[in-house]
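Note: the block below is run_0.txt and it holds compact mmCIF, C-alpha atoms.
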```txt
# COMPACT_ATOMS: atom_id res chain seq x y z
CA MET A 16 0.00 0.00 0.00
CA SER A 17 2.69 2.40 0.96
CA THR A 18 4.38 1.91 -2.41
CA ALA A 19 1.22 2.87 -4.28
CA VAL A 20 0.89 5.99 -2.20
CA THR A 21 4.47 6.97 -2.99
CA GLU A 22 3.87 6.47 -6.71
CA ASN A 23 0.81 8.66 -6.60
CA GLN A 24 2.74 11.33 -4.80
CA ASN A 25 5.41 11.24 -7.47
CA GLN A 26 2.84 11.53 -10.22
CA ASP A 27 1.26 14.49 -8.49
CA ALA A 28 4.63 16.09 -8.12
CA GLN A 29 5.38 15.66 -11.84
CA GLN A 30 2.05 16.95 -13.04
CA PRO A 31 2.62 20.70 -12.56
CA ASP A 32 6.14 20.27 -13.92
CA ALA A 33 4.91 18.98 -17.26
CA GLU A 34 2.44 21.81 -17.60
CA GLY A 35 4.69 24.47 -16.22
CA GLY A 36 6.68 25.30 -19.32
CA GLN A 37 9.37 22.72 -18.62
CA SER A 38 8.02 20.18 -21.09
CA ILE A 39 10.46 18.60 -23.51
CA PRO A 40 10.34 20.09 -27.04
CA THR A 41 8.89 17.92 -29.76
CA TYR A 42 9.50 17.83 -33.49
CA ASP A 43 8.24 15.95 -36.50
CA ILE A 44 10.41 13.41 -38.21
CA VAL A 45 10.07 11.15 -41.23
CA LEU A 46 11.24 7.63 -40.59
CA GLN A 47 11.93 5.30 -43.50
CA VAL A 48 12.52 1.67 -42.68
CA ARG A 49 13.63 -1.03 -45.07
CA ARG A 50 11.11 -3.84 -44.67
CA TYR A 51 11.34 -7.43 -45.76
CA ASP A 52 8.93 -10.24 -45.00
CA PRO A 53 10.06 -13.54 -46.55
CA GLU A 54 6.50 -14.96 -46.24
CA PHE A 55 4.94 -12.38 -48.52
CA GLU A 56 7.63 -10.85 -50.72
CA THR A 57 10.85 -11.73 -52.47
CA GLU A 58 12.40 -8.27 -52.29
CA ALA A 59 12.72 -5.68 -49.59
CA HIS A 60 10.81 -2.41 -49.81
CA TRP A 61 10.72 0.91 -47.93
CA ASP A 62 7.99 1.95 -45.50
CA GLU A 63 7.62 5.51 -44.31
CA TRP A 64 6.06 7.05 -41.20
CA LYS A 65 5.69 10.64 -40.04
CA LEU A 66 6.17 10.81 -36.28
CA THR A 67 6.14 13.46 -33.59
CA MET A 68 9.04 12.75 -31.27
CA TYR A 69 10.55 14.33 -28.18
CA GLY A 70 13.89 16.11 -28.22
CA THR A 71 15.34 13.45 -25.93
CA ASP A 72 14.25 10.49 -28.08
CA ARG A 73 16.51 8.05 -29.84
CA VAL A 74 16.01 6.17 -33.10
CA LEU A 75 14.96 3.18 -30.99
CA ASP A 76 12.14 5.24 -29.47
CA ALA A 77 10.92 6.07 -32.97
CA LEU A 78 10.96 2.37 -33.88
CA HIS A 79 9.08 1.59 -30.65
CA LYS A 80 6.46 4.22 -31.47
CA VAL A 81 5.89 2.62 -34.86
CA LYS A 82 5.75 -0.91 -33.47
CA TRP A 83 3.58 -0.10 -30.47
CA GLU A 84 1.22 2.43 -31.99
CA LEU A 85 1.23 2.21 -35.79
CA ASP A 86 2.42 -1.10 -37.22
CA GLY A 87 2.98 -4.03 -34.88
CA SER A 88 4.46 -6.13 -37.66
CA LEU A 89 7.69 -4.09 -37.72
CA SER A 90 10.43 -6.45 -36.53
CA PHE A 91 13.73 -5.52 -34.92
CA ARG A 92 15.94 -6.77 -32.12
CA ARG A 93 16.54 -4.92 -28.90
CA SER A 94 17.05 -6.10 -25.36
CA CYS A 95 18.57 -3.69 -22.88
CA ALA A 96 17.91 -0.57 -24.98
CA HIS A 97 20.84 1.17 -23.30
CA GLY A 98 23.90 0.38 -25.40
CA VAL A 99 25.08 -2.62 -23.40
CA CYS A 100 23.60 -5.77 -24.94
CA GLY A 101 24.47 -4.99 -28.56
CA SER A 102 21.18 -6.26 -30.03
CA ASP A 103 20.02 -3.28 -32.03
CA ALA A 104 22.85 -2.59 -34.45
CA MET A 105 21.31 -1.29 -37.67
CA ARG A 106 22.19 0.99 -40.55
CA ILE A 107 20.94 4.46 -39.68
CA ASN A 108 21.30 7.07 -42.42
CA GLY A 109 23.72 4.76 -44.20
CA ARG A 110 26.01 4.05 -41.25
CA ASN A 111 26.07 1.25 -38.71
CA ARG A 112 24.83 2.50 -35.35
CA LEU A 113 23.06 1.20 -32.26
CA ALA A 114 19.47 2.51 -32.46
CA CYS A 115 19.48 2.91 -28.67
CA LYS A 116 22.56 5.16 -28.70
CA THR A 117 21.61 7.37 -31.64
CA LEU A 118 19.75 10.50 -30.57
CA LEU A 119 17.32 11.87 -33.13
CA LYS A 120 18.54 15.41 -32.45
CA ASP A 121 22.01 14.41 -33.67
CA LEU A 122 20.66 13.43 -37.09
CA ASP A 123 19.72 15.66 -39.99
CA LEU A 124 15.96 15.89 -39.46
CA SER A 125 15.32 17.98 -42.57
CA LYS A 126 15.65 14.74 -44.51
CA PRO A 127 13.98 11.39 -43.80
CA ILE A 128 15.88 9.13 -41.43
CA THR A 129 16.64 5.83 -43.13
CA VAL A 130 16.94 2.63 -41.14
CA GLU A 131 18.14 -0.59 -42.76
CA PRO A 132 19.38 -3.95 -41.52
CA ILE A 133 23.15 -4.35 -41.22
CA LYS A 134 24.84 -5.52 -44.41
CA GLY A 135 26.58 -8.77 -45.19
CA LEU A 136 24.44 -11.04 -43.02
CA PRO A 137 21.30 -12.74 -44.38
CA CYS A 138 18.17 -10.70 -43.62
CA GLU A 139 15.50 -12.77 -41.89
CA LYS A 140 12.79 -10.16 -41.46
CA ASP A 141 12.80 -6.34 -41.55
CA LEU A 142 15.77 -5.28 -39.41
CA ILE A 143 16.58 -8.76 -38.10
CA VAL A 144 19.55 -10.56 -39.65
CA ASP A 145 20.90 -14.05 -39.11
CA MET A 146 23.86 -13.50 -36.76
CA GLU A 147 25.05 -17.12 -36.93
CA PRO A 148 27.91 -16.57 -39.45
CA PHE A 149 29.11 -13.74 -37.22
CA PHE A 150 29.11 -15.85 -34.04
CA GLN A 151 30.64 -18.79 -35.93
CA SER A 152 33.73 -16.64 -36.65
CA TYR A 153 33.71 -15.46 -33.05
CA ARG A 154 33.74 -19.04 -31.73
CA GLU A 155 36.56 -20.03 -34.06
CA ILE A 156 39.08 -17.68 -32.47
CA MET A 157 38.59 -19.36 -29.06
CA PRO A 158 37.19 -16.41 -27.08
CA PHE A 159 38.02 -17.82 -23.65
CA LEU A 160 41.02 -17.97 -21.32
CA VAL A 161 43.37 -20.86 -22.02
CA ASN A 162 45.81 -21.54 -19.21
CA GLU A 163 47.20 -25.02 -18.56
CA ASP A 164 48.91 -24.11 -15.27
CA HIS A 165 47.54 -25.28 -11.95
CA THR A 166 44.39 -23.41 -11.14
CA PRO A 167 45.34 -20.86 -8.51
CA THR A 168 43.32 -20.63 -5.30
CA GLY A 169 42.92 -16.87 -5.73
CA GLU A 170 42.88 -14.61 -8.76
CA ARG A 171 45.52 -14.68 -11.50
CA PHE A 172 47.57 -11.56 -10.85
CA GLN A 173 48.41 -9.18 -13.64
CA SER A 174 50.25 -5.88 -13.63
CA GLN A 175 48.38 -2.72 -14.55
CA GLU A 176 50.55 -2.37 -17.67
CA ASP A 177 49.71 -5.92 -18.77
CA ARG A 178 46.01 -5.26 -18.24
CA GLU A 179 46.26 -1.97 -20.11
CA ARG A 180 47.69 -3.79 -23.14
CA PHE A 181 44.32 -5.22 -24.18
CA ASP A 182 41.97 -2.87 -22.36
CA ASP A 183 40.47 -1.40 -25.53
CA THR A 184 39.36 -4.76 -26.94
CA THR A 185 37.62 -5.86 -23.71
CA LYS A 186 34.84 -3.35 -24.47
CA CYS A 187 33.30 -5.34 -27.34
CA ILE A 188 29.56 -6.10 -26.99
CA LEU A 189 29.35 -8.28 -30.14
CA CYS A 190 26.79 -6.07 -31.86
CA ALA A 191 28.32 -6.78 -35.31
CA ALA A 192 28.32 -3.08 -36.27
CA CYS A 193 32.02 -3.37 -37.19
CA THR A 194 31.90 -6.67 -39.08
CA SER A 195 28.84 -5.64 -41.09
CA SER A 196 30.43 -2.27 -41.99
CA CYS A 197 33.40 -3.99 -43.62
CA PRO A 198 33.38 -3.96 -47.46
CA VAL A 199 35.52 -7.11 -47.45
CA PHE A 200 32.96 -8.93 -45.29
CA TRP A 201 30.07 -7.87 -47.57
CA THR A 202 31.63 -9.64 -50.53
CA ASP A 203 33.52 -12.41 -48.72
CA GLY A 204 31.44 -13.92 -45.94
CA GLN A 205 34.29 -16.28 -45.09
CA TYR A 206 36.40 -13.41 -43.74
CA PHE A 207 36.66 -13.61 -39.95
CA GLY A 208 35.68 -9.96 -39.73
CA PRO A 209 36.73 -7.19 -37.33
CA ALA A 210 34.74 -8.40 -34.29
CA ALA A 211 36.34 -11.86 -34.25
CA ILE A 212 39.81 -10.32 -34.60
CA VAL A 213 39.08 -7.80 -31.83
CA ASN A 214 38.09 -10.64 -29.50
CA ALA A 215 41.16 -12.64 -30.50
CA HIS A 216 43.24 -9.53 -29.73
CA ARG A 217 41.68 -9.44 -26.26
CA PHE A 218 43.22 -12.85 -25.44
CA ILE A 219 46.36 -12.76 -27.63
CA PHE A 220 47.67 -9.78 -25.66
CA ASP A 221 46.47 -11.04 -22.26
CA SER A 222 49.55 -12.04 -20.22
CA ARG A 223 47.51 -14.73 -18.39
CA ASP A 224 46.55 -16.53 -21.59
CA GLN A 225 48.67 -19.26 -23.16
CA ALA A 226 46.97 -19.91 -26.50
CA GLY A 227 48.04 -16.70 -28.24
CA ASP A 228 50.11 -18.63 -30.79
CA MET A 229 47.15 -20.84 -31.70
CA ARG A 230 44.94 -17.80 -32.28
CA LEU A 231 47.65 -16.16 -34.39
CA GLU A 232 47.83 -19.34 -36.46
CA ILE A 233 44.04 -19.33 -36.93
CA LEU A 234 44.15 -15.70 -38.06
CA ASN A 235 47.22 -16.14 -40.28
CA ASP A 236 44.88 -17.44 -42.95
CA LYS A 237 43.69 -16.34 -46.35
CA GLU A 238 40.43 -15.33 -44.65
CA GLY A 239 42.19 -14.03 -41.54
CA VAL A 240 43.79 -10.69 -40.68
CA TRP A 241 45.33 -10.28 -44.14
CA ARG A 242 41.88 -9.72 -45.65
CA CYS A 243 41.74 -6.38 -43.79
CA ARG A 244 42.03 -3.50 -46.28
CA THR A 245 42.17 -0.78 -43.60
CA THR A 246 39.02 1.06 -44.70
CA PHE A 247 38.42 2.15 -41.08
CA ASN A 248 34.65 1.62 -41.48
CA CYS A 249 34.78 -0.67 -38.43
CA THR A 250 36.54 1.88 -36.22
CA GLU A 251 34.01 4.52 -37.24
CA ALA A 252 31.04 2.19 -36.66
CA CYS A 253 32.01 0.79 -33.23
CA PRO A 254 29.49 2.06 -30.65
CA ARG A 255 32.01 1.39 -27.88
CA GLY A 256 34.75 3.47 -29.50
CA ILE A 257 37.14 0.53 -29.87
CA GLN A 258 40.05 1.32 -32.19
CA VAL A 259 39.21 -1.74 -34.27
CA THR A 260 41.57 -1.17 -37.19
CA LYS A 261 44.42 -0.52 -34.74
CA ALA A 262 43.67 -3.82 -32.98
CA ILE A 263 43.69 -5.65 -36.33
CA ALA A 264 47.00 -3.96 -37.25
CA GLU A 265 48.47 -5.13 -33.93
CA VAL A 266 47.38 -8.70 -34.62
CA LYS A 267 48.88 -8.43 -38.13
CA LYS A 268 52.17 -7.33 -36.60
CA ALA A 269 52.02 -10.14 -34.03
CA VAL A 270 51.41 -12.73 -36.77
CA PHE A 271 54.31 -11.23 -38.72
CA ALA A 272 56.61 -11.26 -35.69
CA SER A 273 55.71 -14.85 -34.73
CA ALA A 274 56.56 -16.03 -38.25
CA LEU A 275 60.05 -14.50 -38.17
CA MET B 4 16.68 7.35 -52.53
CA ALA B 5 14.14 5.62 -50.37
CA ASN B 6 11.56 5.39 -53.12
CA SER B 7 13.81 3.08 -55.07
CA SER B 8 13.61 -0.62 -54.37
CA ARG B 9 17.30 -0.73 -53.52
CA GLY B 10 19.06 -0.07 -50.25
CA THR B 11 21.27 2.93 -49.67
CA LEU B 12 25.01 3.04 -50.19
CA TYR B 13 27.07 2.56 -47.03
CA ARG B 14 28.27 6.01 -46.01
CA GLY B 15 31.88 5.17 -45.24
CA GLN B 16 34.38 7.93 -44.65
CA TYR B 17 37.93 8.79 -45.76
CA GLY B 18 39.25 5.27 -45.23
CA MET B 19 36.58 3.61 -47.33
CA TRP B 20 36.76 6.04 -50.23
CA SER B 21 40.56 5.99 -50.29
CA TRP B 22 40.28 2.19 -50.49
CA VAL B 23 37.72 2.41 -53.32
CA ALA B 24 40.04 4.76 -55.22
CA HIS B 25 42.99 2.45 -54.52
CA ARG B 26 41.07 -0.52 -55.92
CA ILE B 27 39.86 1.35 -59.03
CA THR B 28 43.33 2.75 -59.83
CA GLY B 29 44.82 -0.69 -59.20
CA VAL B 30 42.49 -2.40 -61.68
CA ALA B 31 43.02 0.41 -64.22
CA ILE B 32 46.80 0.10 -63.91
CA PHE B 33 46.53 -3.68 -64.33
CA PHE B 34 44.69 -3.34 -67.64
CA PHE B 35 47.17 -0.72 -68.80
CA LEU B 36 50.07 -3.08 -68.00
CA LEU B 37 48.37 -5.85 -69.95
CA VAL B 38 48.20 -3.66 -73.08
CA HIS B 39 51.64 -2.25 -72.36
CA VAL B 40 53.24 -5.70 -72.22
CA LEU B 41 51.54 -6.58 -75.52
CA ASP B 42 52.62 -3.43 -77.38
CA THR B 43 56.17 -3.63 -76.04
CA ALA B 44 56.32 -7.31 -77.02
CA LEU B 45 55.63 -6.22 -80.60
CA VAL B 46 59.26 -5.09 -80.85
CA ARG B 47 60.10 -8.80 -80.87
CA VAL B 48 57.76 -9.29 -83.85
CA SER B 49 59.19 -6.43 -85.88
CA PRO B 50 60.48 -2.95 -85.02
CA GLU B 51 58.26 -1.49 -87.77
CA ALA B 52 55.10 -2.92 -86.24
CA TYR B 53 56.17 -1.56 -82.87
CA ASN B 54 56.79 1.91 -84.31
CA ALA B 55 53.45 1.86 -86.11
CA VAL B 56 51.56 1.03 -82.90
CA ILE B 57 53.46 3.57 -80.81
CA ALA B 58 52.77 6.24 -83.48
CA THR B 59 49.01 5.76 -83.02
CA TYR B 60 49.44 6.76 -79.38
CA LYS B 61 50.56 10.24 -80.39
CA ASN B 62 47.21 12.01 -80.39
CA PRO B 63 45.47 14.22 -77.81
CA VAL B 64 43.03 11.53 -76.66
CA MET B 65 45.84 9.15 -75.82
CA GLY B 66 47.73 12.09 -74.30
CA LEU B 67 44.88 12.70 -71.87
CA GLY B 68 44.71 8.96 -71.23
CA GLU B 69 48.40 9.01 -70.32
CA ALA B 70 47.79 11.89 -67.92
CA GLY B 71 45.04 9.83 -66.28
CA LEU B 72 47.35 6.82 -66.13
CA VAL B 73 50.08 8.79 -64.37
CA ALA B 74 47.49 10.26 -61.98
CA ALA B 75 46.31 6.73 -61.13
CA ILE B 76 49.84 5.39 -60.66
CA VAL B 77 50.94 8.30 -58.47
CA TYR B 78 47.85 7.94 -56.23
CA HIS B 79 48.20 4.16 -56.06
CA ALA B 80 51.90 4.41 -55.20
CA PHE B 81 51.58 6.99 -52.43
CA ASN B 82 48.43 5.42 -50.98
CA GLY B 83 50.19 2.06 -51.02
CA LEU B 84 52.90 3.56 -48.82
CA ARG B 85 50.15 4.94 -46.57
CA ILE B 86 48.63 1.47 -46.18
CA ILE B 87 52.05 0.01 -45.32
CA LEU B 88 52.45 2.74 -42.67
CA ILE B 89 48.98 1.97 -41.27
CA ASP B 90 49.92 -1.70 -40.96
CA PHE B 91 53.44 -1.38 -39.63
CA TRP B 92 53.97 2.06 -38.10
CA LYS B 93 52.75 2.31 -34.50
CA GLY B 94 51.00 5.64 -35.02
CA GLY B 95 49.66 4.68 -38.47
CA THR B 96 46.06 3.91 -37.54
CA LYS B 97 45.77 6.99 -35.36
CA ASN B 98 47.04 9.27 -38.11
CA GLN B 99 45.37 7.62 -41.11
CA LYS B 100 43.36 10.72 -41.99
CA GLY B 101 46.44 12.93 -41.84
CA LEU B 102 48.35 10.39 -43.91
CA LEU B 103 45.61 10.52 -46.55
CA TRP B 104 45.88 14.30 -46.74
CA GLY B 105 49.65 13.78 -47.10
CA VAL B 106 49.02 11.36 -49.99
CA LEU B 107 46.73 13.87 -51.72
CA ALA B 108 49.21 16.73 -51.13
CA LEU B 109 52.06 14.67 -52.61
CA TRP B 110 49.78 13.71 -55.48
CA VAL B 111 49.11 17.37 -56.28
CA ILE B 112 52.80 18.30 -55.91
CA VAL B 113 53.83 15.57 -58.33
CA MET B 114 50.95 16.02 -60.79
CA ILE B 115 51.22 19.80 -61.33
CA PRO B 116 54.73 19.87 -62.84
CA PHE B 117 54.03 16.63 -64.71
CA LEU B 118 50.80 17.94 -66.25
CA ILE B 119 52.44 21.24 -67.26
CA ARG B 120 55.23 19.38 -69.02
CA HIS B 121 53.10 16.55 -70.43
CA LEU B 122 50.16 18.60 -71.70
CA SER B 123 52.43 21.19 -73.29
CA VAL B 124 54.09 18.35 -75.23
CA VAL B 125 50.74 16.74 -76.16
CA PHE B 126 48.99 19.93 -77.24
CA GLY B 127 52.05 21.99 -78.15
CA GLY B 128 52.74 19.92 -81.28
```
Will you turn the file into structure tokens for me?
Amino acid sequence: MSTAVTENQNQDAQQPDAEGGQSIPTYDIVLQVRRYDPEFETEAHWDEWKLTMYGTDRVLDALHKVKWELDGSLSFRRSCAHGVCGSDAMRINGRNRLACKTLLKDLDLSKPITVEPIKGLPCEKDLIVDMEPFFQSYREIMPFLVNEDHTPTGERFQSQEDRERFDDTTKCILCAACTSSCPVFWTDGQYFGPAAIVNAHRFIFDSRDQAGDMRLEILNDKEGVWRCRTTFNCTEACPRGIQVTKAIAEVKKAVFASAL
Amino acid sequence: MANSSRGTLYRGQYGMWSWVAHRITGVAIFFFLLVHVLDTALVRVSPEAYNAVIATYKNPVMGLGEAGLVAAIVYHAFNGLRIILIDFWKGGTKNQKGLLWGVLALWVIVMIPFLIRHLSVVFGG
């Protein structure tokens, strides 16, 4: 009972605020979404909605508004909706972004906002793609600690410098924004792709790990690190700000050094 | 754009377009080399045939084509060095944009004197 009372009090407290000139500004946007339903069509098409959104809204909020109020058949993935789970990577205005981290006010609203599924992975419906090829590459680089020593009773100690060495690549959330921004991956689905190399980098340069050489061997392949053409699309697309191309270059150098 | 049945082009930035230009110039240079090997090989057939083929190159259209060829080679060469720096120089990935401006600056510096000399020969008779 007491909880309900508190909620009511909060609502009462907010009411005058919303009316008292402190309301959030709204604006009209045009949202264009690339739709595809394999049950009814062979080719994708564009759907367009005019929406009134708040100044604090993100692209994900616009998609929610469409799905919840206008067209429930719109399909897209999202879980946490706060840039942590990596479910809602999509191509917004031609670039890979997380819908939950892209504020509408940061986009050019004089033109329609285009939302498409990420490229290079088979589209299953609307904005949902089959992520299996992506995770297959991820699994192949052994994304887990390999250490044959006796299991210590406490933690495995590591100096701050050693931890710093691979800090950047620990941030990956496996959203596939990098891999599906890579022109090489679009045309050659066999390429491991930036995300798999980033996650290999995370263990290759971890002083506690002992399988670095195996991972370098896996990536010293025709479809491994040498496929990277340094277009920097991945670095630009990463929602976590990982210097992806730099990580790939470091793995290239490590492969090179291990072969000498 | 959205009215068409096709998707939009990926809006990559400097890195992607420098790579596209690198690929296009590379393929163009490859086809030139193919023809170049053939026409140079003609000298083994007969020097007269070789001279006859080379003489057909001496017209303004081919002259402009040669200017384009040199432009492609100069870009491809300097950008190739940029890619090597990105892969092997520690600060390469961080400075890739600056390196690209360097490539374009070098390209302009090399092309201006070449074009002055080349075009004055082609169009100067």
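Of the residues under consideration (A:Leu78, A:Leu46, A:Val266, A:Leu66), A:Leu78 shows the shortest atom-to-atom contact distance to Ser90 (chain A) when counting only C-alpha atoms.
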Quick one: which residues from chain A are at most 10 Å off chain B, using all atoms listed in the file, as a ChimeraX atom specification? /A:47-49,58-63,106-111,127-134,196-198,243-252,258-268,271
Query raised in the report: Could you list as a PyMOL selection string every residue that has an atom within 10 Å of (47.5, 5.1, -54.8), using the file's coordinates and counting only C-alpha atoms?
Result: chain B and resi 21-22+24-29+74-86+106-107+110
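If you look at CA of Ala114 (chain A) and CA of Cys95 (chain A), they are 11.4 Å away from each other.
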Could you please give me, as a PyMOL selection string, the residues of protein, DNA or RNA lying at most 10 Å from (27.3, -12.0, -32.6) in the coordinate frame of the file, considering all atoms listed in the file? chain A and resi 101-102+145-154+188-192+194+210-211
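Near region 58-70 of chain B, within 12 Å and counting all atoms listed in the file, sit Ala31, Ile32, Phe35, His39, Asp42, Glu51, Ala52, Ile76, Val77, Val113, Met114, Ile115, Pro116, Phe117, Leu118, Ile119, Arg120, His121, Leu122, Ser123, Val124, Val125, Phe126, Gly127 and Gly128 of chain B, not including residues fewer than 6 positions from it in the same chain.
Nearest-residue note for Phe172 (chain A): choosing from A:Gly208, A:Ile143, A:Thr202, A:Ser222, the minimum distance belongs to A:Ser222, counting all atoms listed in the file.
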Students should find that CA of Ala215 (chain A) and CA of Pro137 (chain A) are spaced 24.2 Å
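For the pair CA of Ile87 (chain B) and CA of Glu238 (chain A), the separation is 19.3 Å.
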Can you tell me, as a PyMOL selection string, what residues are no more than 12 Å from Tyr53 (chain B) when counting all atoms listed in the file, ignoring any on the same chain fewer than 3 positions away?
chain B and resi 39-50+56-60
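With all atoms listed in the file as the atoms that count, the minimum distance from Ile212 (chain A) to the choices A:Phe91, A:Tyr42, A:Trp241, A:Phe55 is reached by A:Trp241.
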query = Neighbours of Lys80 (chain A) within 12 Å (all atoms listed in the file; same-chain residues fewer than 4 positions away dropped), as a VMD selection string?
reply = chain A and resid 46 64 to 69 72 to 76 84 to 87 89
Build an axis-aligned box that encloses every atom of region 23-39 of chain B listed in the file, pad it by 4 Å on each side, and report its centre and edge lengths in Å to one decimal, as JSON.
```
{"center_x": 44.7, "center_y": -0.5, "center_z": -63.2, "size_x": 21.9, "size_y": 18.6, "size_z": 27.8}
```
For region 75-91 of chain B, which lacks atoms in the input, supply N, CA and C atoms and format the output as a JSON list (two decimals), in the coordinates of the input.
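Saved file part-v2.json follows:
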```json
[["chain", "number", "residue", "atom", "x", "y", "z"],
["B", 75, "ALA", "N", 46.68, 7.95, -61.84],
["B", 75, "ALA", "CA", 46.31, 6.73, -61.13],
["B", 75, "ALA", "C", 47.53, 6.09, -60.47],
["B", 76, "ILE", "N", 48.63, 6.04, -61.20],
["B", 76, "ILE", "CA", 49.84, 5.39, -60.66],
["B", 76, "ILE", "C", 50.37, 6.16, -59.45],
["B", 77, "VAL", "N", 50.40, 7.50, -59.57],
["B", 77, "VAL", "CA", 50.94, 8.30, -58.47],
["B", 77, "VAL", "C", 50.08, 8.13, -57.22],
["B", 78, "TYR", "N", 48.73, 8.15, -57.40],
["B", 78, "TYR", "CA", 47.85, 7.94, -56.23],
["B", 78, "TYR", "C", 48.08, 6.56, -55.64],
["B", 79, "HIS", "N", 48.09, 5.55, -56.52],
["B", 79, "HIS", "CA", 48.20, 4.16, -56.06],
["B", 79, "HIS", "C", 49.52, 3.96, -55.31],
["B", 80, "ALA", "N", 50.58, 4.57, -55.81],
["B", 80, "ALA", "CA", 51.90, 4.41, -55.20],
["B", 80, "ALA", "C", 51.94, 5.05, -53.81],
["B", 81, "PHE", "N", 51.52, 6.29, -53.72],
["B", 81, "PHE", "CA", 51.58, 6.99, -52.43],
["B", 81, "PHE", "C", 50.60, 6.38, -51.43],
["B", 82, "ASN", "N", 49.40, 6.01, -51.91],
["B", 82, "ASN", "CA", 48.43, 5.42, -50.98],
["B", 82, "ASN", "C", 48.90, 4.04, -50.54],
["B", 83, "GLY", "N", 49.61, 3.35, -51.41],
["B", 83, "GLY", "CA", 50.19, 2.06, -51.02],
["B", 83, "GLY", "C", 51.16, 2.23, -49.86],
["B", 84, "LEU", "N", 51.98, 3.28, -49.93],
["B", 84, "LEU", "CA", 52.90, 3.56, -48.82],
["B", 84, "LEU", "C", 52.12, 3.90, -47.55],
["B", 85, "ARG", "N", 50.99, 4.61, -47.72],
["B", 85, "ARG", "CA", 50.15, 4.94, -46.57],
["B", 85, "ARG", "C", 49.61, 3.67, -45.92],
["B", 86, "ILE", "N", 49.18, 2.72, -46.73],
["B", 86, "ILE", "CA", 48.63, 1.47, -46.18],
["B", 86, "ILE", "C", 49.72, 0.69, -45.45],
["B", 87, "ILE", "N", 50.94, 0.69, -46.00],
["B", 87, "ILE", "CA", 52.05, 0.01, -45.32],
["B", 87, "ILE", "C", 52.30, 0.68, -43.97],
["B", 88, "LEU", "N", 52.25, 2.02, -43.94],
["B", 88, "LEU", "CA", 52.45, 2.74, -42.67],
["B", 88, "LEU", "C", 51.34, 2.40, -41.68],
["B", 89, "ILE", "N", 50.10, 2.30, -42.16],
["B", 89, "ILE", "CA", 48.98, 1.97, -41.27],
["B", 89, "ILE", "C", 49.21, 0.60, -40.64],
["B", 90, "ASP", "N", 49.71, -0.35, -41.46],
["B", 90, "ASP", "CA", 49.92, -1.70, -40.96],
["B", 90, "ASP", "C", 51.13, -1.82, -40.04],
["B", 91, "PHE", "N", 52.19, -1.09, -40.34],
["B", 91, "PHE", "CA", 53.44, -1.38, -39.63],
["B", 91, "PHE", "C", 53.99, -0.25, -38.76]]
```
